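Student: Provided herewith: upload-v6.txt, compact mmCIF, C-alpha atoms.
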```txt
# COMPACT_ATOMS: atom_id res chain seq x y z
CA MET A 1 23.80 86.20 -39.55
CA GLU A 2 26.49 85.20 -37.13
CA GLU A 3 24.44 86.60 -34.32
CA ILE A 4 21.47 84.55 -35.41
CA LEU A 5 23.58 81.40 -35.41
CA ILE A 6 24.83 82.16 -31.90
CA GLU A 7 21.24 82.65 -30.76
CA ILE A 8 20.24 79.34 -32.36
CA GLN A 9 23.13 77.54 -30.61
CA LYS A 10 22.02 79.07 -27.31
CA VAL A 11 18.46 77.79 -27.86
CA ASN A 12 19.58 74.40 -29.21
CA VAL A 13 21.31 73.21 -25.95
CA PRO A 14 21.40 69.35 -25.68
CA PHE A 15 18.66 67.99 -23.39
CA TRP A 16 21.11 66.19 -21.10
CA LYS A 17 22.63 69.58 -20.28
CA THR A 18 19.32 70.88 -19.03
CA PHE A 19 18.14 70.92 -15.45
CA ASP A 20 14.92 69.12 -16.45
CA PHE A 21 16.86 66.12 -17.76
CA TRP A 22 18.74 65.65 -14.49
CA LEU A 23 15.61 66.22 -12.47
CA PHE A 24 13.65 63.53 -14.35
CA LEU A 25 16.65 61.20 -14.36
CA THR A 26 17.01 61.54 -10.57
CA ILE A 27 13.29 60.94 -10.04
CA GLY A 28 13.35 57.94 -12.41
CA LEU A 29 16.37 56.35 -10.77
CA SER A 30 14.96 56.97 -7.28
CA SER A 31 11.71 55.27 -8.29
CA PHE A 32 13.61 52.34 -9.78
CA ILE A 33 15.74 51.90 -6.64
CA ALA A 34 12.66 52.23 -4.44
CA SER A 35 10.90 49.56 -6.53
CA ILE A 36 13.83 47.15 -6.19
CA LYS A 37 14.00 47.79 -2.46
CA ALA A 38 10.26 47.24 -2.13
CA PHE A 39 10.54 44.00 -4.13
CA ILE A 40 13.38 42.71 -1.91
CA GLU A 41 11.48 43.62 1.26
CA ALA A 42 8.28 42.03 -0.02
CA LYS A 43 10.19 38.85 -0.87
CA ALA A 44 11.79 38.77 2.58
CA ALA A 45 8.39 39.34 4.18
CA LYS A 46 6.92 36.49 2.14
CA THR A 47 9.77 34.16 3.16
CA ALA A 48 9.33 35.17 6.81
CA ALA A 49 5.58 34.60 6.57
CA ASN A 50 6.13 31.17 5.00
CA GLU A 51 8.63 30.23 7.69
CA ALA A 52 6.26 31.44 10.40
CA GLY A 53 3.48 29.40 8.80
CA GLN A 54 5.71 26.30 8.68
CA THR A 55 6.76 26.81 12.29
CA VAL A 56 3.13 26.96 13.38
CA LYS A 57 2.37 23.87 11.27
CA ILE A 58 5.31 21.95 12.73
CA GLN A 59 4.30 22.94 16.26
CA THR A 60 0.81 21.59 15.57
CA ILE A 61 2.34 18.36 14.24
CA THR A 62 4.58 17.90 17.29
CA ILE A 63 1.57 18.39 19.59
CA GLU A 64 -0.34 15.70 17.68
CA LEU A 65 2.67 13.37 17.73
CA SER A 66 3.04 13.78 21.49
CA GLU A 67 -0.65 12.85 21.89
CA ILE A 68 -0.04 9.66 19.89
CA ILE A 69 3.03 8.82 22.00
CA GLN A 70 1.00 9.24 25.19
CA LYS A 71 -1.64 6.86 23.84
CA LEU A 72 1.04 4.32 22.89
CA ASP A 73 2.38 4.45 26.46
CA LYS A 74 -1.03 3.65 27.93
CA LEU A 75 -1.44 0.26 26.30
CA GLU A 76 -3.56 -2.01 28.50
CA THR A 77 -2.15 -5.48 29.24
CA ASN A 78 -5.54 -7.07 28.54
CA ILE A 79 -6.21 -5.14 25.34
CA GLU A 80 -8.48 -7.06 22.99
CA PHE A 81 -7.74 -7.69 19.35
CA SER A 82 -10.51 -5.44 18.02
CA ASP A 83 -9.41 -2.51 20.23
CA ALA A 84 -5.77 -2.96 19.20
CA ARG A 85 -6.76 -3.16 15.52
CA ASP A 86 -8.88 0.02 15.77
CA PHE A 87 -6.11 1.83 17.64
CA LEU A 88 -3.49 0.79 15.12
CA SER A 89 -5.70 1.92 12.21
CA GLU A 90 -6.25 5.28 13.88
CA ILE A 91 -2.59 5.99 14.63
CA ASN A 92 -1.54 4.66 11.21
CA ARG A 93 -3.80 7.20 9.50
CA ARG A 94 -2.78 10.06 11.78
CA ILE A 95 0.94 9.38 11.58
CA LYS A 96 0.88 9.11 7.78
CA ARG A 97 -1.17 12.29 7.45
CA LEU A 98 1.26 14.19 9.68
CA THR A 99 4.51 12.84 8.25
CA SER A 100 3.85 12.32 4.53
CA PRO A 101 4.74 15.95 3.58
CA PHE A 102 8.23 15.41 5.05
CA LYS A 103 8.99 11.85 3.95
CA LYS A 104 11.23 12.95 1.06
CA GLU A 105 13.12 15.59 3.06
CA ASP A 106 16.70 14.59 3.87
CA ASN A 107 16.48 15.37 7.58
CA TYR A 108 13.42 13.20 8.17
CA GLU A 109 13.53 10.59 5.41
CA GLU A 110 15.25 7.86 7.43
CA VAL A 111 13.23 8.15 10.63
CA ILE A 112 9.93 8.40 8.73
CA ALA A 113 10.83 5.27 6.72
CA LEU A 114 11.50 3.44 10.02
CA ILE A 115 8.18 4.65 11.43
CA TYR A 116 6.31 3.30 8.39
CA GLU A 117 8.21 0.01 8.63
CA THR A 118 7.31 -0.32 12.32
CA LEU A 119 3.65 0.32 11.51
CA ASP A 120 3.80 -2.50 8.94
CA ILE A 121 5.54 -4.87 11.38
CA THR A 122 2.96 -4.08 14.08
CA LYS A 123 0.18 -4.87 11.63
CA ASP A 124 1.80 -8.26 10.85
CA SER A 125 2.19 -9.04 14.57
CA LEU A 126 -1.42 -8.15 15.18
CA THR A 127 -2.51 -10.45 12.38
CA ALA A 128 -0.68 -13.28 14.19
CA VAL A 129 -3.05 -12.89 17.16
CA ARG A 130 -6.29 -12.50 15.23
CA PRO A 131 -8.74 -14.64 17.26
CA LEU A 132 -10.01 -17.84 15.71
CA ASP A 133 -13.29 -17.55 17.60
CA ASN A 134 -14.92 -15.04 19.92
CA GLU A 135 -13.61 -16.59 23.13
CA THR A 136 -10.59 -14.93 24.75
CA ILE A 137 -8.94 -17.17 27.34
CA VAL A 138 -5.39 -15.82 27.24
CA ASP A 139 -6.13 -12.15 27.80
CA ASN A 140 -2.63 -10.72 27.37
CA ALA A 141 -1.79 -12.36 24.03
CA VAL A 142 -2.49 -9.21 22.01
CA TYR A 143 -0.46 -7.12 24.44
CA PHE A 144 2.58 -9.39 24.08
CA ALA A 145 2.27 -9.29 20.29
CA VAL A 146 2.26 -5.50 19.93
CA GLU A 147 3.82 -4.06 23.09
CA LYS A 148 7.41 -4.06 21.83
CA HIS A 149 6.42 -2.55 18.49
CA PHE A 150 4.36 0.20 20.13
CA SER A 151 7.34 0.96 22.35
CA ASP A 152 9.63 1.18 19.27
CA LEU A 153 7.09 3.35 17.51
CA GLY A 154 6.89 5.74 20.47
CA GLY A 155 10.67 6.07 20.43
CA LEU A 156 10.79 6.79 16.70
CA LEU A 157 7.99 9.36 16.94
CA ALA A 158 9.86 11.07 19.78
CA GLU A 159 12.98 11.15 17.59
CA LEU A 160 10.99 12.77 14.78
CA MET A 161 9.54 15.30 17.23
CA GLY A 162 13.09 16.15 18.26
CA TYR A 163 14.05 16.87 14.65
CA PHE A 164 10.95 19.03 14.19
CA GLU A 165 11.66 20.97 17.38
CA LYS A 166 15.25 21.53 16.28
CA ARG A 167 13.94 23.00 13.03
CA THR A 168 11.43 25.19 14.90
CA ILE A 169 14.03 26.74 17.16
CA LYS A 170 16.57 26.94 14.32
CA LEU A 171 19.57 25.22 15.83
CA ASP A 172 20.92 24.58 12.33
CA MET B 1 18.21 -27.91 42.19
CA ASP B 2 17.31 -24.31 41.47
CA ALA B 3 13.92 -22.95 40.37
CA LYS B 4 15.02 -22.71 36.75
CA GLN B 5 15.92 -26.39 36.58
CA GLU B 6 12.56 -27.28 38.12
CA TYR B 7 10.73 -25.18 35.56
CA ILE B 8 12.60 -26.91 32.77
CA ILE B 9 11.69 -30.32 34.19
CA ILE B 10 8.01 -29.32 34.41
CA ILE B 11 7.98 -27.92 30.87
CA THR B 12 9.60 -31.14 29.66
CA GLU B 13 6.75 -33.05 31.32
CA PHE B 14 4.29 -30.81 29.46
CA ILE B 15 6.05 -31.75 26.21
CA ASN B 16 5.91 -35.46 27.02
CA LYS B 17 2.25 -35.39 28.08
CA THR B 18 1.35 -33.38 24.98
CA SER B 19 3.20 -35.84 22.75
CA ALA B 20 1.36 -38.70 24.44
CA GLY B 21 -1.94 -36.96 23.75
CA ASN B 22 -2.77 -36.44 27.43
CA LEU B 23 -3.08 -32.68 27.16
CA GLN B 24 -5.71 -31.04 24.95
CA TRP B 25 -4.20 -27.81 23.72
CA LYS B 26 -6.46 -25.31 22.00
CA LYS B 27 -5.62 -22.45 19.66
CA GLN B 28 -6.84 -18.97 20.55
CA ASN B 29 -5.14 -17.44 17.55
CA PRO B 30 -2.41 -18.57 15.14
CA SER B 31 0.34 -17.80 17.64
CA THR B 32 -1.28 -18.52 21.04
CA LEU B 33 -2.02 -22.01 22.36
CA TYR B 34 -3.56 -22.82 25.75
CA ILE B 35 -4.92 -25.50 28.04
CA GLU B 36 -7.71 -24.94 30.53
CA THR B 37 -7.21 -27.25 33.44
CA VAL B 38 -7.86 -27.68 37.12
CA ALA B 39 -4.90 -27.33 39.42
CA GLY B 40 -4.19 -29.34 42.54
CA GLY B 41 -6.51 -27.42 44.85
CA ASN B 42 -9.39 -27.68 42.34
CA GLU B 43 -8.63 -24.16 41.21
CA PRO B 44 -8.95 -23.57 37.48
CA ALA B 45 -5.77 -22.62 35.65
CA VAL B 46 -4.92 -21.51 32.14
CA ILE B 47 -1.57 -22.56 30.75
CA SER B 48 -0.55 -20.79 27.59
CA ILE B 49 2.35 -20.50 25.21
CA GLN B 50 2.67 -17.72 22.66
CA LYS B 51 5.11 -17.44 19.81
CA ILE B 52 6.12 -13.85 19.16
CA GLN B 53 7.94 -12.81 16.02
CA GLU B 54 9.44 -9.41 15.65
CA ARG B 55 11.91 -7.57 13.55
CA ARG B 56 14.64 -5.86 15.50
CA ARG B 57 16.71 -3.03 14.18
CA GLU B 58 20.23 -2.10 15.08
CA ARG B 59 22.51 0.56 13.76
CA VAL B 60 25.74 -0.75 12.27
CA GLU B 61 28.10 1.94 10.94
CA ASP B 62 25.36 4.46 10.18
CA ARG B 63 23.17 1.82 8.59
CA VAL B 64 20.08 0.23 10.06
CA ARG B 65 20.15 -3.58 9.98
CA THR B 66 16.91 -5.48 10.50
CA THR B 67 16.84 -9.03 11.84
CA ASN B 68 13.91 -11.36 12.49
CA VAL B 69 13.66 -12.52 16.08
CA GLU B 70 11.39 -15.22 17.46
CA TYR B 71 10.70 -15.85 21.13
CA TYR B 72 8.13 -17.54 23.35
CA VAL B 73 6.11 -16.55 26.39
CA PHE B 74 4.90 -19.37 28.62
CA SER B 75 2.46 -18.40 31.34
CA VAL B 76 0.16 -19.91 33.92
CA LYS B 77 -2.73 -17.86 35.19
CA LYS B 78 -5.61 -18.38 37.60
CA PRO B 79 -8.58 -17.06 35.63
CA LEU B 80 -10.88 -16.52 38.64
CA SER B 81 -8.49 -14.38 40.64
CA LYS B 82 -6.64 -13.17 37.51
CA GLU B 83 -3.46 -14.07 39.35
CA LEU B 84 -0.44 -14.67 37.15
CA VAL B 85 1.29 -17.68 38.68
CA ILE B 86 4.30 -17.81 36.40
CA GLN B 87 5.51 -16.22 33.22
CA ILE B 88 8.61 -17.27 31.36
CA ASP B 89 9.76 -15.10 28.50
CA SER B 90 12.51 -16.56 26.35
CA SER B 91 13.48 -13.11 25.09
CA SER B 92 14.70 -12.20 28.57
CA ASP B 93 16.14 -15.65 29.35
CA LYS B 94 17.35 -17.32 26.17
CA SER B 95 18.07 -20.64 27.90
CA TYR B 96 14.31 -21.33 27.78
CA HIS B 97 14.10 -20.76 24.04
CA GLY B 98 14.77 -24.34 22.92
CA ILE B 99 12.40 -26.05 25.32
CA LEU B 100 9.56 -23.54 24.79
CA SER B 101 10.00 -23.76 21.03
CA GLU B 102 9.68 -27.55 21.29
CA LEU B 103 6.56 -27.28 23.47
CA PHE B 104 4.94 -24.89 21.00
CA GLN B 105 5.74 -27.11 18.04
CA VAL B 106 4.48 -30.28 19.71
CA ALA B 107 1.27 -28.61 20.92
CA ASP B 108 0.66 -26.98 17.53
CA TYR B 109 1.22 -30.29 15.75
CA LYS B 110 -1.25 -32.05 18.10
CA ILE B 111 -3.90 -29.39 17.42
CA GLU B 112 -3.39 -29.75 13.66
CA LYS B 113 -3.44 -33.54 14.00
CA ARG B 114 -6.78 -33.36 15.82
CA SER B 115 -8.22 -31.20 13.05
CA ILE B 116 -6.91 -33.59 10.39
CA ASP B 117 -8.35 -36.63 12.25
CA PHE B 118 -11.67 -34.83 12.54
CA LEU B 119 -11.69 -34.11 8.80
CA ARG B 120 -10.76 -37.74 8.07
CA GLY B 121 -13.68 -38.84 10.26
CA ILE B 122 -16.02 -36.67 8.21
CA MET B 123 -14.60 -37.99 4.95
CA ASP B 124 -14.92 -41.61 6.09
CA ASN B 125 -18.61 -41.10 6.80
CA LEU B 126 -19.38 -39.40 3.49
```
In structure tokens, write the structure found in this file.
Tutor:
Amino acid sequence: MEEILIEIQKVNVPFWKTFDFWLFLTIGLSSFIASIKAFIEAKAAKTAANEAGQTVKIQTITIELSEIIQKLDKLETNIEFSDARDFLSEINRRIKRLTSPFKKEDNYEEVIALIYETLDITKDSLTAVRPLDNETIVDNAVYFAVEKHFSDLGGLLAELMGYFEKRTIKLD
Amino acid sequence: MDAKQEYIIIITEFINKTSAGNLQWKKQNPSTLYIETVAGGNEPAVISIQKIQERRRERVEDRVRTTNVEYYVFSVKKPLSKELVIQIDSSSDKSYHGILSELFQVADYKIEKRSIDFLRGIMDNL
């Protein structure tokens, strides 16, 4: 009887004392660690991809902003009201499309608000030179009305470009 | 007498002649008034005055302060040759501000007065 009991005890070894238990536990833990590592790497890759995407987007925006600045610099002294109005409408749309995603971000909020304000002021100044008839005798009146504002706007857009470029090359 | 004093004397004469009704100013737009005339050598000339209003910004202790600024540009141009004879900008020389402001106001008033007289004439004949 005693021998039988000894045999039973030999057979009835706890599972955690078996080689199988430790084998499966090691495999399980390795898989779990590998999963966590894969998750962390995937997350890092996603962040890197997002940052790369944003960098490309910001580079595209700075190129467009520099095009607008160049156009602002080439203002003709005898520009007519209708041309100035069309030009202002075009740059107003483009600038707002390019900057609106950033207007609530701390780094850009102030300069973007000033850009929008300058666009509004320019519109008011242009309204002050809206012709009363089709005849244009004083051919630089529109130029005088908007030149200073366009110059201010070019400066503010350049400032914004600087902030974007700083973000692109990560000086922070 | 320097050139500036002479300009001021001439602009004062413009004000006086405008007040007397001897100069017929026209309005190209709400802020630009002009006269088409013939100069001494029978060469046409365009005399204009433009009121420019702008808001200027300046940074004061990390804050942006906006102020309204008004200035005038007086110019004389030969329309045939497109030659700019003179241009006085009161934003660059503030001593012209008062006299150019007065010229603009007098000329603007005379244009409005002409319109009012014209309307009165219509009303009287109705």
Student: Determine the nearest neighbour of chain B from the options A:Leu160, A:Ala128, A:Val146, A:Ala113, counting only C-alpha atoms.
Tutor: A:Ala128
Student: Excluding region 77-81 of chain A and any residue of its chain fewer than 4 positions from it, enumerate the residues within 9 Å of it, using all atoms listed in the file, and give them as a list in words.
Tutor: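 Listing them by chain and then by number gives Arg85, Asp86, Leu126, Val129, Arg130, Pro131, Thr136, Val138, Asp139, Asn140, Ala141, Val142, Tyr143, Phe144 and Glu147 of chain A.
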Student: Find the residues around Asp133 (chain A) up to 10 Å (all atoms listed in the file counted), leave out those fewer than 5 positions away in its own chain, and share them as a list in words.
Tutor: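 Returned residues: Lys27, Gln28 and Asn29 of chain B.
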Student: Check every residue of chain B for an atom within 10 Å of chain A, counting all atoms listed in the file, and provide those that qualify as a short mmCIF file (atom, residue, chain, number, x, y, z; two decimals) with C-alpha atoms, in the frame of the given file.
Tutor:
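Written file, part-v2.cif:
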```
data_model
loop_
_atom_site.label_atom_id
_atom_site.label_comp_id
_atom_site.auth_asym_id
_atom_site.auth_seq_id
_atom_site.Cartn_x
_atom_site.Cartn_y
_atom_site.Cartn_z
CA LYS B 27 -5.62 -22.45 19.66
CA GLN B 28 -6.84 -18.97 20.55
CA ASN B 29 -5.14 -17.44 17.55
CA PRO B 30 -2.41 -18.57 15.14
CA SER B 31 0.34 -17.80 17.64
CA THR B 32 -1.28 -18.52 21.04
CA LEU B 33 -2.02 -22.01 22.36
CA TYR B 34 -3.56 -22.82 25.75
CA ILE B 35 -4.92 -25.50 28.04
CA GLU B 36 -7.71 -24.94 30.53
CA VAL B 46 -4.92 -21.51 32.14
CA ILE B 47 -1.57 -22.56 30.75
CA SER B 48 -0.55 -20.79 27.59
CA ILE B 49 2.35 -20.50 25.21
CA GLN B 50 2.67 -17.72 22.66
CA LYS B 51 5.11 -17.44 19.81
CA ILE B 52 6.12 -13.85 19.16
CA GLN B 53 7.94 -12.81 16.02
CA GLU B 54 9.44 -9.41 15.65
CA ARG B 55 11.91 -7.57 13.55
CA ARG B 56 14.64 -5.86 15.50
CA ARG B 57 16.71 -3.03 14.18
CA VAL B 64 20.08 0.23 10.06
CA TYR B 72 8.13 -17.54 23.35
CA VAL B 73 6.11 -16.55 26.39
CA SER B 75 2.46 -18.40 31.34
CA VAL B 76 0.16 -19.91 33.92
CA LYS B 77 -2.73 -17.86 35.19
CA PRO B 79 -8.58 -17.06 35.63
CA LYS B 82 -6.64 -13.17 37.51
#
```
Student: Hey, what's within 10 Å of Leu88 (chain A) if we count only C-alpha atoms and toss same-chain stuff fewer than 2 positions away? As a PyMOL selection string, please?
Tutor: chain A and resi 72+82-86+90-94+119+122-123+126+146+150
Student: So which residues touch Ser100 (chain A) within 10 Å, counting all atoms listed in the file, skipping near sequence neighbours fewer than 5 positions away, as an MDAnalysis selection string?
Tutor: chainID A and resid 95 105 109 112
Student: What does the structure give for the distance between CA of Leu98 (chain A) and CA of Leu156 (chain A), in Å to one decimal?
Tutor: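 CA of Leu156 (chain A) lies at a distance of 14.0 Å from CA of Leu98 (chain A).
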Student: Counting only C-alpha atoms, which of A:Lys17, A:Gly162, A:Thr26, A:Leu157 gets nearest to Ile69 (chain A)?
Tutor: A:Leu157
Student: Report, in Å with one decimal, the straight-line distance from CA of Gln105 (chain B) to CA of Asn22 (chain B).
Tutor: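 Value for the CA of Gln105 (chain B)-CA of Asn22 (chain B) distance: 15.7 Å.
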Student: Missing atoms in region 114-133 of chain A: fill them in up to N, CA and C atoms and send the result as a compact mmCIF listing (two decimals), keeping the file's coordinate frame.
Tutor:
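To be explicit, this is the file written out as result_14.txt:
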```
# COMPACT_ATOMS: atom_id res chain seq x y z
N LEU A 114 11.52 4.40 8.90
CA LEU A 114 11.50 3.44 10.02
C LEU A 114 10.14 3.41 10.71
N ILE A 115 9.51 4.58 10.82
CA ILE A 115 8.18 4.65 11.43
C ILE A 115 7.19 3.85 10.59
N TYR A 116 7.24 4.04 9.28
CA TYR A 116 6.31 3.30 8.39
C TYR A 116 6.58 1.79 8.47
N GLU A 117 7.87 1.44 8.55
CA GLU A 117 8.21 0.01 8.63
C GLU A 117 7.67 -0.59 9.93
N THR A 118 7.81 0.17 11.02
CA THR A 118 7.31 -0.32 12.32
C THR A 118 5.79 -0.47 12.30
N LEU A 119 5.11 0.45 11.63
CA LEU A 119 3.65 0.32 11.51
C LEU A 119 3.29 -0.97 10.77
N ASP A 120 4.06 -1.27 9.71
CA ASP A 120 3.80 -2.50 8.94
C ASP A 120 4.07 -3.75 9.79
N ILE A 121 5.19 -3.72 10.54
CA ILE A 121 5.54 -4.87 11.38
C ILE A 121 4.46 -5.08 12.45
N THR A 122 3.99 -3.98 13.03
CA THR A 122 2.96 -4.08 14.08
C THR A 122 1.69 -4.72 13.50
N LYS A 123 1.37 -4.31 12.27
CA LYS A 123 0.18 -4.87 11.63
C LYS A 123 0.34 -6.39 11.44
N ASP A 124 1.55 -6.81 11.02
CA ASP A 124 1.80 -8.26 10.85
C ASP A 124 1.68 -9.00 12.18
N SER A 125 2.24 -8.39 13.24
CA SER A 125 2.19 -9.04 14.57
C SER A 125 0.76 -9.14 15.06
N LEU A 126 -0.02 -8.13 14.75
CA LEU A 126 -1.42 -8.15 15.18
C LEU A 126 -2.20 -9.23 14.43
N THR A 127 -1.85 -9.39 13.17
CA THR A 127 -2.51 -10.45 12.38
C THR A 127 -2.24 -11.82 13.00
N ALA A 128 -1.06 -11.99 13.58
CA ALA A 128 -0.68 -13.28 14.19
C ALA A 128 -1.52 -13.60 15.42
N VAL A 129 -2.21 -12.61 15.98
CA VAL A 129 -3.05 -12.89 17.16
C VAL A 129 -4.54 -12.63 16.86
N ARG A 130 -4.88 -12.67 15.58
CA ARG A 130 -6.29 -12.50 15.23
C ARG A 130 -7.06 -13.71 15.78
N PRO A 131 -8.07 -13.50 16.61
CA PRO A 131 -8.74 -14.64 17.26
C PRO A 131 -9.42 -15.57 16.26
N LEU A 132 -9.36 -16.87 16.59
CA LEU A 132 -10.01 -17.84 15.71
C LEU A 132 -11.48 -17.98 16.04
N ASP A 133 -11.86 -17.65 17.27
CA ASP A 133 -13.29 -17.55 17.60
C ASP A 133 -13.45 -16.39 18.58
```
